[in-house]
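What follows is the content of final.cif, which has mmCIF, C-alpha atoms:
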```cif
data_work
loop_
_atom_site.label_atom_id
_atom_site.label_comp_id
_atom_site.auth_asym_id
_atom_site.auth_seq_id
_atom_site.Cartn_x
_atom_site.Cartn_y
_atom_site.Cartn_z
CA MET A 297 -23.79 -36.39 -5.04
CA GLY A 298 -20.94 -35.36 -2.75
CA THR A 299 -17.42 -36.57 -3.09
CA ILE A 300 -14.32 -36.44 -0.94
CA ILE A 301 -10.85 -35.74 -2.30
CA ASP A 302 -7.80 -36.49 -0.25
CA ALA A 303 -5.25 -34.02 -1.59
CA LYS A 304 -2.77 -34.35 1.25
CA GLY A 305 0.83 -34.52 0.14
CA LEU A 306 -0.01 -33.40 -3.39
CA ALA A 307 2.03 -30.63 -4.96
CA CYS A 308 0.52 -27.48 -6.44
CA PRO A 309 -1.51 -27.41 -8.67
CA GLN A 310 -2.80 -30.95 -8.14
CA PRO A 311 -5.32 -30.09 -5.38
CA VAL A 312 -6.87 -27.42 -7.62
CA VAL A 313 -6.93 -29.72 -10.66
CA LEU A 314 -8.63 -32.51 -8.73
CA THR A 315 -11.17 -30.16 -7.17
CA LYS A 316 -11.98 -28.60 -10.51
CA LYS A 317 -12.55 -32.00 -12.04
CA ALA A 318 -14.69 -33.19 -9.17
CA LEU A 319 -16.87 -30.08 -9.43
CA GLU A 320 -17.74 -30.99 -13.00
CA ASN A 321 -19.67 -34.05 -11.83
CA ASN A 322 -20.68 -33.15 -8.29
CA ASP A 323 -22.68 -30.42 -6.62
CA SER A 324 -20.63 -30.62 -3.49
CA VAL A 325 -17.04 -31.58 -2.99
CA THR A 326 -14.96 -31.95 0.14
CA VAL A 327 -11.21 -31.52 -0.20
CA ILE A 328 -8.63 -32.34 2.44
CA VAL A 329 -5.33 -30.49 2.09
CA ASP A 330 -2.28 -30.25 4.29
CA ASN A 331 -0.92 -26.81 3.56
CA GLU A 332 -1.89 -23.15 3.55
CA THR A 333 -1.13 -22.55 -0.15
CA ALA A 334 -3.35 -25.42 -1.27
CA LYS A 335 -6.09 -24.18 1.06
CA GLU A 336 -5.96 -20.70 -0.45
CA ASN A 337 -5.76 -21.92 -4.02
CA VAL A 338 -8.77 -24.20 -3.59
CA SER A 339 -10.66 -21.40 -1.82
CA ARG A 340 -10.01 -19.08 -4.74
CA LEU A 341 -11.17 -21.72 -7.17
CA ALA A 342 -14.38 -22.02 -5.13
CA GLU A 343 -14.96 -18.28 -5.30
CA LYS A 344 -14.27 -18.12 -9.00
CA SER A 345 -16.48 -21.04 -9.86
CA GLY A 346 -19.37 -19.67 -7.82
CA CYS A 347 -19.24 -22.13 -4.94
CA THR A 348 -19.77 -21.53 -1.28
CA ILE A 349 -16.93 -22.79 0.83
CA SER A 350 -16.46 -23.62 4.48
CA VAL A 351 -13.07 -24.33 5.94
CA GLU A 352 -12.45 -26.49 8.95
CA SER A 353 -9.03 -26.78 10.48
CA ALA A 354 -8.41 -30.24 11.82
CA GLY A 355 -5.68 -29.07 14.15
CA ASP A 356 -3.08 -31.44 12.78
CA GLY A 357 -2.17 -29.01 10.00
CA THR A 358 -4.77 -30.32 7.61
CA PHE A 359 -7.82 -28.44 6.40
CA ARG A 360 -11.18 -29.79 5.38
CA LEU A 361 -12.68 -27.62 2.66
CA SER A 362 -16.34 -28.13 1.83
CA LEU A 363 -17.42 -26.65 -1.48
CA SER A 364 -20.94 -26.56 -2.78
CA LYS A 365 -22.34 -25.02 -5.88
CA LYS A 366 -24.70 -22.11 -5.39
CA GLY A 367 -28.23 -22.40 -6.83
CA ALA A 368 -27.36 -21.51 -10.37
CA ALA A 369 -23.63 -21.44 -10.52
CA PRO A 370 -22.31 -19.29 -13.32
CA SER A 371 -20.80 -21.37 -16.05
CA THR A 372 -17.83 -19.08 -16.35
CA VAL A 373 -16.01 -16.90 -13.89
CA THR A 374 -17.71 -13.79 -12.65
CA SER A 375 -16.23 -10.41 -13.29
CA SER A 376 -16.83 -9.13 -9.79
CA THR A 377 -13.15 -8.46 -9.28
CA LEU A 378 -12.96 -6.10 -12.22
CA SER A 379 -12.19 -2.60 -11.15
CA GLU A 380 -13.79 0.51 -12.52
CA THR A 381 -10.42 2.19 -12.82
CA SER A 382 -9.49 0.10 -15.81
CA THR A 383 -9.28 1.98 -19.07
CA ALA A 384 -9.91 -1.17 -21.03
CA LYS A 385 -13.64 -1.69 -21.03
CA SER A 386 -13.43 -5.30 -22.01
CA GLY A 387 -11.54 -6.52 -18.99
CA PRO A 388 -9.02 -5.87 -16.28
CA ASN A 389 -5.74 -4.12 -16.72
CA VAL A 390 -3.01 -6.67 -16.08
CA PHE A 391 0.72 -6.02 -15.69
CA VAL A 392 2.95 -9.01 -16.24
CA ILE A 393 6.41 -8.88 -14.66
CA SER A 394 8.25 -11.82 -16.18
CA SER A 395 11.74 -10.87 -15.09
CA ASP A 396 13.54 -8.86 -12.41
CA THR A 397 15.08 -6.81 -15.18
CA MET A 398 13.45 -4.55 -17.76
CA GLY A 399 14.51 -5.02 -21.35
CA LYS A 400 17.30 -7.09 -22.77
CA GLY A 401 20.96 -6.19 -22.99
CA ASP A 402 22.51 -5.17 -19.71
CA ASP A 403 21.12 -6.78 -16.57
CA GLU A 404 22.51 -4.20 -14.18
CA LEU A 405 20.78 -1.45 -16.10
CA GLY A 406 17.73 -3.68 -16.53
CA ALA A 407 17.45 -4.18 -12.75
CA ALA A 408 17.52 -0.41 -12.19
CA LEU A 409 14.90 0.12 -14.89
CA MET A 410 12.59 -2.49 -13.40
CA LYS A 411 12.84 -0.90 -9.95
CA ALA A 412 12.06 2.48 -11.47
CA PHE A 413 9.12 0.97 -13.36
CA ILE A 414 7.60 -0.68 -10.29
CA HIS A 415 8.04 2.53 -8.31
CA THR A 416 6.26 4.47 -11.03
CA ILE A 417 3.18 2.22 -11.22
CA PHE A 418 1.73 3.86 -8.12
CA SER A 419 1.63 7.27 -9.73
CA LEU A 420 0.02 6.12 -12.97
CA ASP A 421 -3.40 7.54 -13.82
CA TYR A 422 -4.78 4.04 -14.14
CA LEU A 423 -3.56 1.51 -11.67
CA PRO A 424 -3.41 -2.07 -12.85
CA ASP A 425 -6.06 -4.41 -11.46
CA THR A 426 -3.60 -7.25 -11.26
CA LEU A 427 0.17 -7.58 -11.16
CA ILE A 428 1.57 -10.98 -12.08
CA PHE A 429 5.10 -12.00 -11.19
CA TYR A 430 6.77 -15.02 -12.70
CA ASN A 431 10.21 -16.40 -13.53
CA THR A 432 12.90 -14.12 -12.03
CA GLY A 433 10.17 -11.50 -11.58
CA VAL A 434 9.15 -13.27 -8.34
CA LYS A 435 12.40 -12.09 -6.74
CA LEU A 436 10.93 -8.58 -6.66
CA THR A 437 8.36 -9.77 -4.09
CA GLU A 438 10.99 -11.06 -1.68
CA LYS A 439 11.43 -9.73 1.83
CA ASN A 440 14.65 -7.88 0.98
CA SER A 441 13.38 -6.56 -2.36
CA ASP A 442 14.07 -2.90 -3.05
CA VAL A 443 10.53 -2.46 -4.33
CA LEU A 444 8.69 -4.23 -1.53
CA ASP A 445 7.38 -0.91 -0.16
CA ASP A 446 6.03 -0.03 -3.60
CA LEU A 447 4.26 -3.38 -3.89
CA LYS A 448 2.75 -3.02 -0.40
CA LYS A 449 1.41 0.40 -1.34
CA LEU A 450 -0.17 -1.04 -4.48
CA GLU A 451 -1.74 -3.85 -2.48
CA GLU A 452 -3.22 -1.28 -0.09
CA GLN A 453 -4.78 0.39 -3.10
CA GLY A 454 -6.47 -2.88 -3.98
CA VAL A 455 -4.13 -4.10 -6.68
CA GLU A 456 -4.14 -7.88 -6.77
CA ILE A 457 -0.62 -9.33 -6.81
CA LEU A 458 -0.16 -12.90 -8.00
CA VAL A 459 3.20 -14.55 -7.43
CA CYS A 460 4.00 -17.72 -9.36
CA GLY A 461 4.39 -20.50 -6.79
CA THR A 462 6.36 -22.75 -9.11
CA CYS A 463 8.86 -19.95 -9.66
CA ALA A 464 9.17 -19.05 -5.96
CA ASN A 465 9.77 -22.72 -5.32
CA PHE A 466 12.37 -22.95 -8.07
CA PHE A 467 14.37 -20.05 -6.64
CA ASN A 468 13.81 -21.37 -3.12
CA ILE A 469 12.26 -18.13 -1.87
CA LYS A 470 8.72 -19.31 -1.15
CA ASP A 471 9.02 -18.51 2.56
CA ASN A 472 10.43 -15.10 1.74
CA VAL A 473 7.70 -13.87 -0.56
CA SER A 474 6.40 -10.82 1.28
CA ALA A 475 3.92 -9.25 -1.12
CA GLY A 476 0.94 -10.64 -2.94
CA ILE A 477 -0.34 -14.18 -2.82
CA ILE A 478 1.42 -17.33 -3.94
CA SER A 479 -0.55 -18.40 -6.94
CA ASN A 480 -0.70 -21.08 -9.58
CA MET A 481 -0.82 -21.33 -13.34
CA TYR A 482 -4.62 -21.54 -13.32
CA ASP A 483 -5.02 -18.16 -11.70
CA ILE A 484 -2.18 -16.64 -13.69
CA ALA A 485 -3.32 -17.93 -17.07
CA GLY A 486 -6.90 -17.10 -16.10
CA ALA A 487 -6.06 -13.51 -15.18
CA MET A 488 -4.12 -13.09 -18.42
CA SER A 489 -6.88 -14.57 -20.56
CA ARG A 490 -9.56 -12.32 -18.99
CA ALA A 491 -7.44 -9.19 -19.28
CA GLY A 492 -8.63 -6.30 -21.39
CA ARG A 493 -5.05 -5.20 -21.66
CA ILE A 494 -1.73 -6.70 -20.72
CA VAL A 495 1.29 -4.53 -20.03
CA MET A 496 4.61 -6.33 -20.07
CA PRO A 497 7.62 -4.11 -19.32
CA MET B 129 -6.17 9.23 -5.94
CA THR B 130 -4.51 11.35 -3.31
CA VAL B 131 -1.06 10.63 -2.11
CA ILE B 132 -0.30 11.91 1.33
CA ASN B 133 3.35 12.62 1.42
CA ASP B 134 4.41 13.77 4.84
CA VAL B 135 7.94 12.43 4.57
CA GLU B 136 10.64 14.85 3.61
CA TYR B 137 12.77 13.49 0.80
CA TYR B 138 15.93 14.53 -0.94
CA VAL B 139 17.43 13.18 -4.15
CA VAL B 140 20.98 12.91 -5.44
CA LEU B 141 21.19 13.63 -9.15
CA PHE B 142 23.92 12.28 -11.38
CA ASN B 143 25.29 13.12 -14.80
CA SER B 144 25.19 9.51 -15.83
CA VAL B 145 23.06 6.47 -15.08
CA SER B 146 26.19 4.44 -14.40
CA TYR B 147 27.08 6.79 -11.52
CA ALA B 148 23.64 6.21 -10.04
CA LEU B 149 24.13 2.46 -10.30
CA LYS B 150 27.57 2.70 -8.76
CA SER B 151 26.15 4.72 -5.87
CA GLU B 152 23.44 2.11 -5.40
CA LYS B 153 26.11 -0.53 -4.91
CA ILE B 154 28.10 1.57 -2.45
CA LEU B 155 25.07 2.57 -0.36
CA LYS B 156 23.84 -1.02 -0.20
CA LYS B 157 27.20 -2.16 1.04
CA GLU B 158 27.22 0.58 3.67
CA ASN B 159 23.66 -0.24 4.73
CA ILE B 160 22.47 3.31 4.19
CA PRO B 161 18.73 3.47 3.55
CA PHE B 162 17.84 4.89 0.15
CA LYS B 163 15.68 4.19 -2.83
CA LEU B 164 16.55 4.20 -6.50
CA ILE B 165 13.73 6.06 -8.26
CA PRO B 166 13.17 7.64 -11.68
CA VAL B 167 14.19 11.31 -11.74
CA PRO B 168 10.94 13.19 -10.94
CA LYS B 169 9.45 14.88 -13.97
CA SER B 170 9.47 18.18 -12.14
CA ILE B 171 13.27 18.09 -12.10
CA SER B 172 14.06 16.74 -15.53
CA SER B 173 12.28 15.12 -18.42
CA ASP B 174 15.34 13.01 -19.13
CA CYS B 175 14.91 9.32 -18.63
CA GLY B 176 17.19 9.12 -15.63
CA VAL B 177 17.33 7.48 -12.24
CA CYS B 178 18.35 9.09 -8.99
CA ILE B 179 18.88 8.17 -5.35
CA ARG B 180 16.18 9.25 -2.92
CA PHE B 181 16.91 9.54 0.80
CA THR B 182 15.58 11.06 3.99
CA PRO B 183 17.33 13.93 5.81
CA GLU B 184 18.58 11.80 8.70
CA ASN B 185 20.73 9.79 6.29
CA ARG B 186 22.17 12.79 4.50
CA GLY B 187 25.50 12.88 6.30
CA ALA B 188 26.19 9.17 6.01
CA LEU B 189 25.20 9.17 2.39
CA ILE B 190 27.41 12.07 1.41
CA ASN B 191 30.31 10.50 3.30
CA ALA B 192 29.84 7.18 1.58
CA LEU B 193 29.83 8.70 -1.89
CA GLU B 194 32.60 11.20 -1.20
CA GLY B 195 35.56 10.65 -3.47
CA LYS B 196 33.99 7.54 -5.00
CA VAL B 197 31.18 8.79 -7.17
CA GLU B 198 30.75 12.11 -8.80
CA TYR B 199 27.27 13.50 -8.34
CA ASN B 200 25.68 16.47 -9.86
CA GLU B 201 23.60 17.94 -7.07
CA ILE B 202 21.37 17.20 -4.11
CA ARG B 203 17.86 18.55 -4.19
CA ARG B 204 14.89 18.57 -1.95
CA LEU B 205 11.81 16.92 -3.44
#
```

Could you express the structure from this file as structure tokens?
Amino acid sequence: MGTIIDAKGLACPQPVVLTKKALENNDSVTVIVDNETAKENVSRLAEKSGCTISVESAGDGTFRLSLSKKGAAPSTVTSSTLSETSTAKSGPNVFVISSDTMGKGDDELGAALMKAFIHTIFSLDYLPDTLIFYNTGVKLTEKNSDVLDDLKKLEEQGVEILVCGTCANFFNIKDNVSAGIISNMYDIAGAMSRAGRIVMP
Amino acid sequence: MTVINDVEYYVVLFNSVSYALKSEKILKKENIPFKLIPVPKSISSDCGVCIRFTPENRGALINALEGKVEYNEIRRL
């Protein structure tokens, strides 16, 4: 009933895809990964699909993740992460930042507007539950970003920040992402599809 | 939600957004700490941006902008 997946050397999101597939036919799955991002992504998948997970570090940079389904695993994701502050009753309040500029036309102006927007989020009556950054938006989460302090403050308030790993990789800033968690299309599309409301500046 | 704000801030206000953006460039180049923020509603309901800074950077900031960018006024937040 158990199965072992060797996901070493596989690029995101392959480890998650393989684990997800294996969980369809098995009650327990062991996944071996060789990087931190894969470890976290698989761990999140475990949480979301109602599995218990134990992580063993092998010392050589690889991790052995043992997932097993809880008694009656929920067939769909739980809504335990939904915050009460959301105005939308049907689901979380999600802000999607798809660019490092706000609006189309002039990028210099757009960059200033986006900074002003991010700074303003903190003082909104209803904080978003999740902030998603993709495409050039991921640059706002970089170490030298002008809005890094704003993002840190939001994280302290419990706002989940998802940063598109593919995008960070594309712009070669993965090691510089200093807010939120490097995420994948499963989490991003999932968060968007569960949202009660999506705000896209 | 309570925001504890024990830092003293000042803002430079401009007559035009383009002056604010020009100042941003200059201050970045000079490595003077600041933050571009929307003009607080208590000051103006216009959709503007301004430069926020802390008192210890006041002198350097004024020097850097002197003769390069025209600003409207400096106010305490």

Do you know which residues are at most 9 Å from Glu198 of chain B counting all atoms listed in the file, after dropping those on the same chain fewer than 6 positions away, and could you put them as a list in words? Phe142, Asn143 and Tyr147 of chain B

Contacts of chain B with chain A up to 12 Å, shortest pair per row, all atoms listed in the file, as CSV:
```
residue,atom,partner,partner_atom,distance
B:Met129,CA,A:Asp421,CA,8.5
B:Thr130,CA,A:Ser419,CA,9.8
B:Val131,CA,A:Ser419,CA,8.8
B:Ile132,CA,A:Lys449,CA,11.9
B:Ser144,CA,A:Leu405,CA,11.8
B:Val145,CA,A:Leu405,CA,8.3
B:Ser146,CA,A:Leu405,CA,8.2
B:Tyr147,CA,A:Leu405,CA,11.3
B:Ala148,CA,A:Ala408,CA,9.3
B:Leu149,CA,A:Ala408,CA,7.4
B:Lys150,CA,A:Glu404,CA,10.1
B:Ser151,CA,A:Ala408,CA,11.9
B:Glu152,CA,A:Ala408,CA,9.4
B:Lys153,CA,A:Glu404,CA,10.6
B:Lys156,CA,A:Asp442,CA,10.3
B:Pro161,CA,A:Asp442,CA,10.3
B:Phe162,CA,A:Asp442,CA,9.2
B:Lys163,CA,A:Asp442,CA,7.3
B:Leu164,CA,A:Ala412,CA,6.9
B:Ile165,CA,A:Ala412,CA,5.1
B:Pro166,CA,A:Ala412,CA,5.3
B:Val167,CA,A:Ala412,CA,9.1
B:Pro168,CA,A:Thr416,CA,9.9
B:Lys169,CA,A:Thr416,CA,11.3
B:Cys175,CA,A:Leu409,CA,9.9
B:Gly176,CA,A:Leu409,CA,9.3
B:Val177,CA,A:Ala412,CA,7.3
B:Cys178,CA,A:Ala412,CA,9.5
B:Ile179,CA,A:Ala412,CA,10.8
B:Arg180,CA,A:Ala412,CA,11.7
```

Extract, using all atoms listed in the file, all DNA, RNA and protein residues at most 10 Å from Asp302 of chain A, discarding same-chain residues fewer than 6 positions from it, and format them as a PyMOL selection string. chain A and resi 311+314-315+326-330+360

Env of Gly461 of chain A: 9 Å cut, atoms = only C-alpha atoms, seq-sep filter 2 positions within chain, self excluded. Answer as an NGL selection string. :A and (308 or 333 or 430 or 434 or 458-459 or 463-466 or 470 or 477-481)

Evaluate the PyMOL selection byres ((chain A and resi 339) around 12) and record the selected residues as a PyMOL selection string, following the chain and residue labels used in the document. chain A and resi 311-312+315-316+326-329+332-338+340-351+359-364+479+483

Test item: residues at most 7 Å from Asp323 of chain A, all atoms listed in the file, excluding those fewer than 3 positions along its chain, as a list in words: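 In the requested form, the answer reads Met297, Gly298, Leu319, Ser364 and Lys365 of chain A.
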
Could you give me, as a list in words, the residues within 12 Å of Phe467 of chain A, counting only C-alpha atoms and dropping anything in the same chain fewer than 4 positions from it?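 In the requested format, the answer is Tyr430, Asn431, Thr432, Gly433, Val434, Lys435, Leu436, Glu438, Cys460, Gly461, Thr462, Cys463, Asp471, Asn472 and Val473 of chain A.
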
As an exercise, work out the distance from atom CA of Leu155 of chain B to atom CA of Tyr137 of chain B in Å and give it to one decimal place.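 Between these atoms lies a distance of 16.5 Å.
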
Tell me which residues the PyMOL selection byres ((chain B and resi 192) around 10) grabs here, as a PyMOL selection string. chain B and resi 151+154-155+157-158+160+186-191+193-197

Could you list the residues chosen by the PyMOL selection byres ((chain B and resi 182) around 7) in this structure as a PyMOL selection string? chain B and resi 136-138+181+183-186

By how many Å are atom CA of Ile469 of chain A and atom CA of Ser441 of chain A apart?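 These two atoms are separated by 11.6 Å.
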
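Between atom CA of Ser353 of chain A and atom CA of Ala318 of chain A there is a distance of 21.4 Å.
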
Using all atoms listed in the file, pick whichever of A:Ala303, A:Ala485, A:Met496, A:Leu444 has the shortest atom-to-atom distance to Gly399 of chain A. A:Met496

Give me segment 433-466 of chain A with N, CA and C atoms filled in, as a PDB file, in the coordinates of the input.
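As written to disk, part00.pdb reads:
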```pdb
ATOM      1  N   GLY A 433      11.021 -12.583 -12.088  1.00  0.00           N
ATOM      2  CA  GLY A 433      10.170 -11.500 -11.580  1.00  0.00           C
ATOM      3  C   GLY A 433       9.765 -11.718 -10.128  1.00  0.00           C
ATOM      4  N   VAL A 434       9.602 -12.986  -9.714  1.00  0.00           N
ATOM      5  CA  VAL A 434       9.150 -13.270  -8.340  1.00  0.00           C
ATOM      6  C   VAL A 434      10.138 -12.735  -7.295  1.00  0.00           C
ATOM      7  N   LYS A 435      11.402 -12.581  -7.697  1.00  0.00           N
ATOM      8  CA  LYS A 435      12.400 -12.090  -6.740  1.00  0.00           C
ATOM      9  C   LYS A 435      12.062 -10.681  -6.239  1.00  0.00           C
ATOM     10  N   LEU A 436      11.307  -9.946  -7.043  1.00  0.00           N
ATOM     11  CA  LEU A 436      10.930  -8.580  -6.660  1.00  0.00           C
ATOM     12  C   LEU A 436       9.949  -8.571  -5.483  1.00  0.00           C
ATOM     13  N   THR A 437       9.335  -9.718  -5.186  1.00  0.00           N
ATOM     14  CA  THR A 437       8.360  -9.770  -4.090  1.00  0.00           C
ATOM     15  C   THR A 437       8.984 -10.287  -2.800  1.00  0.00           C
ATOM     16  N   GLU A 438      10.291 -10.535  -2.844  1.00  0.00           N
ATOM     17  CA  GLU A 438      10.990 -11.060  -1.680  1.00  0.00           C
ATOM     18  C   GLU A 438      11.091 -10.032  -0.563  1.00  0.00           C
ATOM     19  N   LYS A 439      11.346 -10.565   0.640  1.00  0.00           N
ATOM     20  CA  LYS A 439      11.430  -9.730   1.830  1.00  0.00           C
ATOM     21  C   LYS A 439      12.453  -8.602   1.688  1.00  0.00           C
ATOM     22  N   ASN A 440      13.596  -8.904   1.076  1.00  0.00           N
ATOM     23  CA  ASN A 440      14.650  -7.880   0.980  1.00  0.00           C
ATOM     24  C   ASN A 440      14.621  -7.139  -0.366  1.00  0.00           C
ATOM     25  N   SER A 441      13.492  -7.243  -1.065  1.00  0.00           N
ATOM     26  CA  SER A 441      13.380  -6.560  -2.360  1.00  0.00           C
ATOM     27  C   SER A 441      13.381  -5.044  -2.190  1.00  0.00           C
ATOM     28  N   ASP A 442      14.020  -4.361  -3.114  1.00  0.00           N
ATOM     29  CA  ASP A 442      14.070  -2.900  -3.050  1.00  0.00           C
ATOM     30  C   ASP A 442      12.717  -2.268  -3.377  1.00  0.00           C
ATOM     31  N   VAL A 443      11.832  -3.039  -3.953  1.00  0.00           N
ATOM     32  CA  VAL A 443      10.530  -2.460  -4.330  1.00  0.00           C
ATOM     33  C   VAL A 443       9.385  -2.986  -3.470  1.00  0.00           C
ATOM     34  N   LEU A 444       9.734  -3.660  -2.372  1.00  0.00           N
ATOM     35  CA  LEU A 444       8.690  -4.230  -1.530  1.00  0.00           C
ATOM     36  C   LEU A 444       7.716  -3.153  -1.032  1.00  0.00           C
ATOM     37  N   ASP A 445       8.267  -1.980  -0.649  1.00  0.00           N
ATOM     38  CA  ASP A 445       7.380  -0.910  -0.160  1.00  0.00           C
ATOM     39  C   ASP A 445       6.412  -0.448  -1.248  1.00  0.00           C
ATOM     40  N   ASP A 446       6.909  -0.428  -2.494  1.00  0.00           N
ATOM     41  CA  ASP A 446       6.030  -0.030  -3.600  1.00  0.00           C
ATOM     42  C   ASP A 446       4.906  -1.051  -3.785  1.00  0.00           C
ATOM     43  N   LEU A 447       5.266  -2.321  -3.698  1.00  0.00           N
ATOM     44  CA  LEU A 447       4.260  -3.380  -3.890  1.00  0.00           C
ATOM     45  C   LEU A 447       3.223  -3.357  -2.766  1.00  0.00           C
ATOM     46  N   LYS A 448       3.680  -3.102  -1.543  1.00  0.00           N
ATOM     47  CA  LYS A 448       2.750  -3.020  -0.400  1.00  0.00           C
ATOM     48  C   LYS A 448       1.763  -1.886  -0.614  1.00  0.00           C
ATOM     49  N   LYS A 449       2.282  -0.770  -1.100  1.00  0.00           N
ATOM     50  CA  LYS A 449       1.410   0.400  -1.340  1.00  0.00           C
ATOM     51  C   LYS A 449       0.358   0.052  -2.387  1.00  0.00           C
ATOM     52  N   LEU A 450       0.775  -0.653  -3.427  1.00  0.00           N
ATOM     53  CA  LEU A 450      -0.170  -1.040  -4.480  1.00  0.00           C
ATOM     54  C   LEU A 450      -1.220  -1.993  -3.930  1.00  0.00           C
ATOM     55  N   GLU A 451      -0.789  -2.918  -3.082  1.00  0.00           N
ATOM     56  CA  GLU A 451      -1.740  -3.850  -2.480  1.00  0.00           C
ATOM     57  C   GLU A 451      -2.766  -3.095  -1.639  1.00  0.00           C
ATOM     58  N   GLU A 452      -2.295  -2.085  -0.902  1.00  0.00           N
ATOM     59  CA  GLU A 452      -3.220  -1.280  -0.090  1.00  0.00           C
ATOM     60  C   GLU A 452      -4.249  -0.580  -0.952  1.00  0.00           C
ATOM     61  N   GLN A 453      -3.842  -0.271  -2.178  1.00  0.00           N
ATOM     62  CA  GLN A 453      -4.780   0.390  -3.100  1.00  0.00           C
ATOM     63  C   GLN A 453      -5.689  -0.621  -3.789  1.00  0.00           C
ATOM     64  N   GLY A 454      -5.567  -1.873  -3.432  1.00  0.00           N
ATOM     65  CA  GLY A 454      -6.470  -2.880  -3.980  1.00  0.00           C
ATOM     66  C   GLY A 454      -5.960  -3.592  -5.214  1.00  0.00           C
ATOM     67  N   VAL A 455      -4.691  -3.383  -5.538  1.00  0.00           N
ATOM     68  CA  VAL A 455      -4.130  -4.100  -6.680  1.00  0.00           C
ATOM     69  C   VAL A 455      -3.852  -5.553  -6.263  1.00  0.00           C
ATOM     70  N   GLU A 456      -4.351  -6.460  -7.067  1.00  0.00           N
ATOM     71  CA  GLU A 456      -4.140  -7.880  -6.770  1.00  0.00           C
ATOM     72  C   GLU A 456      -2.744  -8.266  -7.259  1.00  0.00           C
ATOM     73  N   ILE A 457      -1.969  -8.924  -6.419  1.00  0.00           N
ATOM     74  CA  ILE A 457      -0.620  -9.330  -6.810  1.00  0.00           C
ATOM     75  C   ILE A 457      -0.528 -10.857  -6.773  1.00  0.00           C
ATOM     76  N   LEU A 458      -0.282 -11.445  -7.915  1.00  0.00           N
ATOM     77  CA  LEU A 458      -0.160 -12.900  -8.000  1.00  0.00           C
ATOM     78  C   LEU A 458       1.308 -13.267  -8.196  1.00  0.00           C
ATOM     79  N   VAL A 459       1.805 -14.132  -7.350  1.00  0.00           N
ATOM     80  CA  VAL A 459       3.200 -14.550  -7.430  1.00  0.00           C
ATOM     81  C   VAL A 459       3.235 -16.039  -7.807  1.00  0.00           C
ATOM     82  N   CYS A 460       3.932 -16.343  -8.857  1.00  0.00           N
ATOM     83  CA  CYS A 460       4.000 -17.720  -9.360  1.00  0.00           C
ATOM     84  C   CYS A 460       4.661 -18.637  -8.318  1.00  0.00           C
ATOM     85  N   GLY A 461       3.893 -19.586  -7.814  1.00  0.00           N
ATOM     86  CA  GLY A 461       4.390 -20.500  -6.790  1.00  0.00           C
ATOM     87  C   GLY A 461       5.497 -21.413  -7.292  1.00  0.00           C
ATOM     88  N   THR A 462       5.338 -21.885  -8.513  1.00  0.00           N
ATOM     89  CA  THR A 462       6.360 -22.750  -9.110  1.00  0.00           C
ATOM     90  C   THR A 462       7.699 -22.020  -9.149  1.00  0.00           C
ATOM     91  N   CYS A 463       7.638 -20.748  -9.511  1.00  0.00           N
ATOM     92  CA  CYS A 463       8.860 -19.950  -9.660  1.00  0.00           C
ATOM     93  C   CYS A 463       9.502 -19.686  -8.292  1.00  0.00           C
ATOM     94  N   ALA A 464       8.661 -19.320  -7.310  1.00  0.00           N
ATOM     95  CA  ALA A 464       9.170 -19.050  -5.960  1.00  0.00           C
ATOM     96  C   ALA A 464       9.832 -20.319  -5.417  1.00  0.00           C
ATOM     97  N   ASN A 465       9.223 -21.439  -5.736  1.00  0.00           N
ATOM     98  CA  ASN A 465       9.770 -22.720  -5.320  1.00  0.00           C
ATOM     99  C   ASN A 465      11.111 -22.990  -6.000  1.00  0.00           C
ATOM    100  N   PHE A 466      11.153 -22.727  -7.291  1.00  0.00           N
ATOM    101  CA  PHE A 466      12.370 -22.950  -8.070  1.00  0.00           C
ATOM    102  C   PHE A 466      13.557 -22.159  -7.508  1.00  0.00           C
TER     103      PHE A 466
END
```
